[in-house]
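The file input03.cif comes next; it holds mmCIF, C-alpha atoms.
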data_run
#
loop_
_atom_site.label_atom_id
_atom_site.label_comp_id
_atom_site.auth_asym_id
_atom_site.auth_seq_id
_atom_site.Cartn_x
_atom_site.Cartn_y
_atom_site.Cartn_z
CA MET A 1 -2.47 5.55 19.15
CA ALA A 2 0.62 5.00 17.03
CA CYS A 3 0.26 1.40 15.87
CA PHE A 4 1.05 2.33 12.26
CA THR A 5 4.66 3.21 13.20
CA VAL A 6 5.67 -0.48 13.34
CA SER A 7 4.45 -1.06 9.77
CA LEU A 8 6.07 2.19 8.65
CA ALA A 9 9.43 1.15 10.14
CA GLU A 10 9.15 -2.28 8.48
CA ALA A 11 8.24 -0.60 5.17
CA ILE A 12 11.43 1.49 5.27
CA VAL A 13 13.58 -1.60 5.99
CA VAL A 14 11.84 -3.58 3.21
CA LYS A 15 12.38 -0.73 0.73
CA VAL A 16 16.12 -0.67 1.50
CA VAL A 17 16.35 -4.47 1.16
CA GLN A 18 14.36 -4.33 -2.09
CA LYS A 19 16.80 -1.80 -3.59
CA ARG A 20 19.78 -4.00 -2.64
CA VAL A 21 18.16 -7.16 -4.00
CA ALA A 22 17.27 -5.36 -7.26
CA LYS A 23 20.89 -4.28 -7.61
CA LYS A 24 22.11 -7.86 -7.02
CA GLU A 25 19.63 -9.21 -9.59
CA LYS A 26 20.82 -6.67 -12.16
CA LEU A 27 24.44 -7.64 -11.51
CA ALA A 28 23.59 -11.34 -11.87
CA GLU A 29 21.85 -10.59 -15.17
CA GLN A 30 24.91 -8.71 -16.40
CA ASN A 31 27.06 -11.69 -15.45
CA HIS A 32 24.97 -13.83 -17.84
CA VAL A 33 23.25 -16.02 -15.27
CA THR A 34 21.12 -18.48 -17.27
CA LEU A 35 17.37 -17.90 -17.36
CA GLU A 36 16.65 -21.29 -15.74
CA GLU A 37 18.38 -20.19 -12.56
CA LYS A 38 16.17 -17.13 -12.16
CA PRO A 39 12.80 -17.33 -10.39
CA LEU A 40 9.72 -16.56 -12.50
CA ILE A 41 8.92 -13.51 -10.38
CA PRO A 42 12.07 -11.71 -9.18
CA MET A 43 12.48 -11.30 -5.42
CA SER A 44 12.75 -7.52 -5.84
CA THR A 45 9.28 -7.47 -7.47
CA ARG A 46 7.83 -9.51 -4.61
CA LEU A 47 9.49 -7.26 -2.03
CA GLY A 48 7.96 -4.31 -3.90
CA TRP A 49 4.50 -5.77 -3.17
CA LEU A 50 5.29 -5.94 0.55
CA SER A 51 6.66 -2.41 0.49
CA LYS A 52 3.45 -1.11 -1.17
CA LEU A 53 1.24 -3.01 1.29
CA LEU A 54 3.14 -1.58 4.27
CA PHE A 55 3.67 1.98 3.02
CA GLY A 56 0.11 2.28 1.70
CA GLY A 57 -1.46 0.79 4.80
CA SER A 58 0.56 2.88 7.23
CA ALA A 59 -0.13 6.09 5.24
CA LEU A 60 -3.89 5.52 5.40
CA LEU A 61 -3.69 4.51 9.07
CA ALA A 62 -1.65 7.63 9.84
CA PHE A 63 -4.48 9.65 8.30
CA GLU A 64 -6.95 7.88 10.63
CA HIS A 65 -4.78 8.85 13.60
CA VAL A 66 -4.77 12.49 12.43
CA TRP A 67 -8.57 12.24 12.11
CA HIS A 68 -8.85 11.09 15.74
CA GLY A 69 -6.39 13.74 16.96
CA GLU A 70 -3.73 11.20 17.99
CA VAL A 71 -1.17 12.55 15.54
CA VAL A 72 -0.55 16.30 15.28
CA PRO A 73 1.69 18.32 12.94
CA TRP A 74 3.77 19.75 15.80
CA PHE A 75 6.32 18.28 18.23
CA PRO A 76 6.15 15.61 19.71
CA PHE A 77 3.65 14.71 16.91
CA LEU A 78 1.94 12.05 19.06
CA THR A 79 -0.51 13.53 21.58
CA ALA A 80 0.00 10.52 23.87
CA MET A 81 3.58 11.70 24.46
CA ASN A 82 2.30 14.63 26.54
CA ASP A 83 1.24 12.37 29.40
CA PRO A 84 3.42 9.52 30.83
CA ALA A 85 0.38 7.27 31.44
CA ASP A 86 -0.81 7.79 27.85
CA ALA A 87 2.74 7.20 26.61
CA MET A 88 2.84 3.82 28.37
CA GLU A 89 -0.53 2.89 26.89
CA MET A 90 0.75 3.93 23.46
CA LEU A 91 3.88 1.78 23.80
CA THR A 92 1.73 -1.20 24.83
CA GLU A 93 -0.47 -0.63 21.78
CA ILE A 94 2.58 -0.41 19.52
CA GLY A 95 3.88 -3.68 20.97
CA THR A 96 0.61 -5.54 20.56
CA VAL A 97 -1.63 -4.08 17.83
CA GLY A 98 1.25 -2.52 15.86
CA VAL A 99 3.33 -5.70 15.81
CA GLY A 100 0.18 -7.73 15.05
CA MET A 101 -0.59 -5.52 12.03
CA ALA A 102 2.93 -5.78 10.63
CA ALA A 103 2.98 -9.55 11.24
CA LEU A 104 -0.39 -10.10 9.53
CA VAL A 105 0.58 -7.99 6.50
CA THR A 106 3.90 -9.87 6.21
CA ALA A 107 2.17 -13.26 6.56
CA VAL A 108 -0.40 -12.36 3.89
CA TRP A 109 2.41 -11.13 1.61
CA PHE A 110 4.29 -14.41 2.14
CA ALA A 111 1.21 -16.45 1.23
CA MET A 112 0.49 -14.16 -1.74
CA SER A 113 4.09 -14.45 -2.91
CA LYS A 114 4.06 -18.25 -2.73
CA THR A 115 0.67 -18.40 -4.49
CA ALA A 116 1.89 -16.07 -7.26
CA LEU A 117 4.99 -18.26 -7.79
CA PHE A 118 2.77 -21.33 -7.94
CA ILE A 119 0.37 -19.71 -10.45
CA VAL A 120 3.15 -18.41 -12.70
CA GLY A 121 4.96 -21.75 -12.45
CA ARG A 122 1.92 -23.76 -13.58
CA PRO A 123 2.53 -25.63 -16.87
CA GLU A 124 0.39 -23.29 -19.02
CA PHE A 125 2.47 -20.31 -17.91
CA LYS A 126 5.93 -21.91 -18.07
CA GLY A 127 8.26 -19.87 -20.21
CA SER A 128 6.54 -16.52 -19.58
CA ARG A 129 8.29 -14.21 -17.18
CA MET A 130 7.16 -11.14 -15.25
CA GLN A 131 9.27 -8.05 -15.75
CA MET B 1 -17.40 0.93 8.71
CA THR B 2 -13.92 2.20 7.86
CA LEU B 3 -12.73 -1.39 7.45
CA LEU B 4 -15.77 -2.33 5.35
CA ILE B 5 -15.44 0.67 3.02
CA THR B 6 -11.69 0.06 2.57
CA VAL B 7 -12.28 -3.65 1.83
CA PHE B 8 -14.90 -2.75 -0.80
CA ALA B 9 -12.45 -0.28 -2.36
CA ALA B 10 -9.68 -2.92 -2.32
CA VAL B 11 -11.91 -5.54 -3.99
CA ALA B 12 -13.18 -3.08 -6.61
CA VAL B 13 -9.66 -1.94 -7.55
CA THR B 14 -8.40 -5.55 -7.61
CA VAL B 15 -11.20 -6.57 -10.02
CA LYS B 16 -10.40 -3.53 -12.19
CA TRP B 17 -6.68 -4.48 -12.08
CA TYR B 18 -7.51 -8.06 -13.12
CA ASN B 19 -9.49 -6.80 -16.14
CA ARG B 20 -6.88 -4.22 -17.20
CA LYS B 21 -5.68 -4.03 -20.80
CA ASN B 22 -2.17 -2.88 -19.82
CA ASP B 23 -0.35 -1.78 -16.65
CA ASP B 24 -0.15 1.90 -17.59
CA MET B 25 -2.55 2.99 -14.86
CA ARG B 26 -0.60 1.28 -12.05
CA LEU B 27 -3.79 -0.03 -10.45
CA GLY B 28 -1.78 -2.73 -8.67
CA SER B 29 -0.21 -0.13 -6.38
CA LEU B 30 -3.62 1.30 -5.48
CA ALA B 31 -5.00 -2.19 -4.78
CA LEU B 32 -2.01 -3.06 -2.55
CA MET B 33 -2.42 0.22 -0.66
CA TYR B 34 -6.08 -0.53 0.12
CA TRP B 35 -5.34 -4.18 0.99
CA GLY B 36 -2.53 -3.09 3.34
CA ALA B 37 -4.87 -0.68 5.16
CA SER B 38 -7.66 -3.29 5.23
CA LEU B 39 -5.39 -5.88 6.87
CA MET B 40 -4.22 -3.37 9.46
CA TRP B 41 -7.78 -2.31 10.31
CA PHE B 42 -8.75 -5.97 10.50
CA VAL B 43 -6.25 -6.42 13.36
CA ASP B 44 -7.68 -3.27 14.96
CA ALA B 45 -11.19 -4.75 14.62
CA ILE B 46 -10.12 -8.04 16.25
CA VAL B 47 -8.61 -6.18 19.22
CA GLU B 48 -11.77 -4.07 19.52
CA TYR B 49 -13.94 -7.21 19.35
CA ILE B 50 -11.91 -8.83 22.16
CA GLU B 51 -12.55 -5.72 24.29
CA LEU B 52 -16.21 -5.07 23.43
CA GLU B 53 -17.39 -8.58 22.46
CA ALA B 54 -21.03 -8.54 21.15
CA GLU B 55 -21.26 -4.75 21.56
CA PHE B 56 -18.74 -4.45 18.73
CA PHE B 57 -21.55 -5.30 16.26
CA ASN B 58 -23.96 -2.71 17.67
CA PRO B 59 -22.23 0.64 17.23
CA GLU B 60 -23.93 3.95 17.94
CA ALA B 61 -25.42 5.68 14.89
CA ALA B 62 -23.17 8.72 15.41
CA ASP B 63 -20.04 6.49 15.56
CA MET B 64 -21.12 4.68 12.41
CA LEU B 65 -21.63 7.95 10.57
CA ASN B 66 -18.23 9.23 11.67
CA ASP B 67 -16.55 5.95 10.70
CA SER B 68 -18.26 6.00 7.29
CA PHE B 69 -17.10 9.56 6.71
CA LEU B 70 -13.58 8.48 7.73
CA GLY B 71 -13.74 5.44 5.41
CA LEU B 72 -14.74 7.56 2.44
CA SER B 73 -12.01 10.09 3.28
CA VAL B 74 -9.46 7.25 3.45
CA VAL B 75 -10.55 5.98 0.01
CA ALA B 76 -10.30 9.54 -1.35
CA LEU B 77 -6.81 9.98 0.16
CA GLY B 78 -5.71 6.68 -1.39
CA LEU B 79 -6.95 7.86 -4.79
CA VAL B 80 -5.13 11.19 -4.40
CA ILE B 81 -1.84 9.43 -3.48
CA TRP B 82 -2.29 7.07 -6.47
CA VAL B 83 -3.09 9.84 -8.99
CA VAL B 84 -0.15 11.99 -7.81
CA ARG B 85 2.23 8.99 -8.15
CA LEU B 86 0.74 8.23 -11.58
CA LEU B 87 1.27 11.80 -12.81
CA ILE B 88 4.85 11.89 -11.48
CA ALA B 89 5.71 8.49 -13.03
CA ASP B 90 3.90 9.52 -16.25
CA PRO B 91 4.00 5.99 -17.76
CA LYS B 92 2.14 7.05 -20.92
CA GLY B 93 4.30 10.16 -21.40
CA VAL B 94 1.20 12.41 -21.39
CA ILE B 95 2.69 15.06 -19.08
CA LYS B 96 5.98 15.08 -20.96
CA LYS B 97 4.16 15.48 -24.27
CA ALA B 98 1.93 18.25 -22.90
CA PHE B 99 4.88 20.30 -21.67
CA THR B 100 7.20 19.72 -24.61
CA ARG B 101 7.66 22.84 -26.73
CA LYS B 102 6.81 22.45 -30.39
CA THR B 103 7.97 24.79 -33.13
CA ASP B 104 5.54 25.21 -36.04
CA ALA B 105 6.29 26.29 -39.63
CA THR B 106 6.21 29.99 -38.73
CA GLY B 107 8.76 29.42 -35.95
CA THR B 108 6.24 29.98 -33.15
CA GLU B 109 6.81 27.85 -30.04
CA THR B 110 3.66 26.23 -28.60
CA MET B 111 2.80 23.88 -25.75
CA GLU B 112 -0.20 21.55 -25.62
CA LEU B 113 -1.13 22.60 -22.10
#
Turn the structure described in the file into structure tokens.
Amino acid sequence: MACFTVSLAEAIVVKVVQKRVAKKEKLAEQNHVTLEEKPLIPMSTRLGWLSKLLFGGSALLAFEHVWHGEVVPWFPFLTAMNDPADAMEMLTEIGTVGVGMAALVTAVWFAMSKTALFIVGRPEFKGSRMQ
Amino acid sequence: MTLLITVFAAVAVTVKWYNRKNDDMRLGSLALMYWGASLMWFVDAIVEYIELEAEFFNPEAADMLNDSFLGLSVVALGLVIWVVRLLIADPKGVIKKAFTRKTDATGTETMEL
């Protein structure tokens, strides 16, 4: 009914964090932090992957909800809000399916992030850095 | 069907991204968008399976057709979002070049587009 809203909210938070981390990384670079101290794939890049997973996924899911008539372009935007019983069902769905979706995407991103660091850190790749 | 179509799109774009010559086309963003949606629909499918059990694998023909139509529309929307972002970012400078005024020998200003 509105399960994509959890992922959308997480995407916004991740985007804000990503911007802050990118700023910190730039500052550290300006302060001549040695290359050995930096990770092979910057945290801001990895957060960018999570942001794209969440924003992209929630955008396509929002379209599905429009398709099924659960999201409308007029107030209150969610058709379930017109009926208290439907609203309760919607909140339950947000708390279960919505949270599950956001948790799975974050878990997959975490695994993907660790795997990418492992791959880039393998001996044959040592010395090359992602921009 | 929506999940299946999105997974196929995600795999196809990921393979294309892996074989890319450079990152000018920003295929990584498109792949992540499809993977994000696929993961979310996977959770939806699990919840539906818990509710319907074996019936989940025997959908009505009309539902399958509607879901396929939705899946294709989702893939199309993803492509539209990607191409709009690509044109705005203009990593190859094609748009900028097309709209830049050029003055020829006679002093006439022209644009490529």
Exercise for the section: Please provide as a ChimeraX atom specification all residues within 12 Å of Phe69 in chain B, with the sequence filter that same-chain residues fewer than 4 positions apart are discarded (counting only C-alpha atoms). Expected result: /A:64,67 /B:1-3,5-6,62-65,73-76
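Taken over the whole file, the PyMOL selection byres ((chain A) within 9 of (chain B)) covers exactly Phe4, Ser7, Trp49, Leu50, Lys52, Leu53, Leu54, Phe55, Gly56, Gly57, Ser58, Ala59, Leu60, Leu61, Phe63, Glu64, Trp67, Val97, Gly98, Gly100, Met101, Ala102, Leu104, Val105 and Val108 of chain A.
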Practice task
Run the PyMOL selection byres ((chain A and resi 76-92) around 12) on the file and write out the hits as a VMD selection string.
Solution key: chain A and resid 1 to 6 62 65 to 66 68 to 75 93 to 100
Please return the centre and edge lengths, in Å to one decimal, of a box with edges along x, y and z that contains all listed atoms of range 38-56 of chain A, widened by 5 Å on every side, as JSON.
{"center_x": 8.1, "center_y": -7.5, "center_z": -4.1, "size_x": 26.1, "size_y": 29.6, "size_z": 26.8}
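Residue nearest Arg46 in chain A, chosen from A:Glu124, A:Leu8, A:Val13, A:Gln18 and counting all atoms listed in the file: A:Gln18.
One finds CA of Val14 in chain A at 8.1 Å from CA of Gly48 in chain A.
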Handout entry: Shortest interatomic distance to Glu25 in chain A - which of A:Ser44, A:Glu10, A:Thr106, A:Val120, counting all atoms listed in the file
Key =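 Closest candidate: A:Ser44.
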Handout entry: Separation of CA of Val16 in chain A from CA of Thr14 in chain B, in Å and rounded to one decimal
Key =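 Between these atoms lies a distance of 26.6 Å.
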Handout entry: Computed interatomic separation between CA of Ala45 in chain B and CA of Pro59 in chain B (Å)
Key = 12.6 Å
Problem - Proximity to Phe118 in chain A - best of A:Leu27, A:Ala103, A:Ile41, A:Ala22, only C-alpha atoms - result: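 Result for the nearest residue to Phe118 in chain A: A:Ile41.
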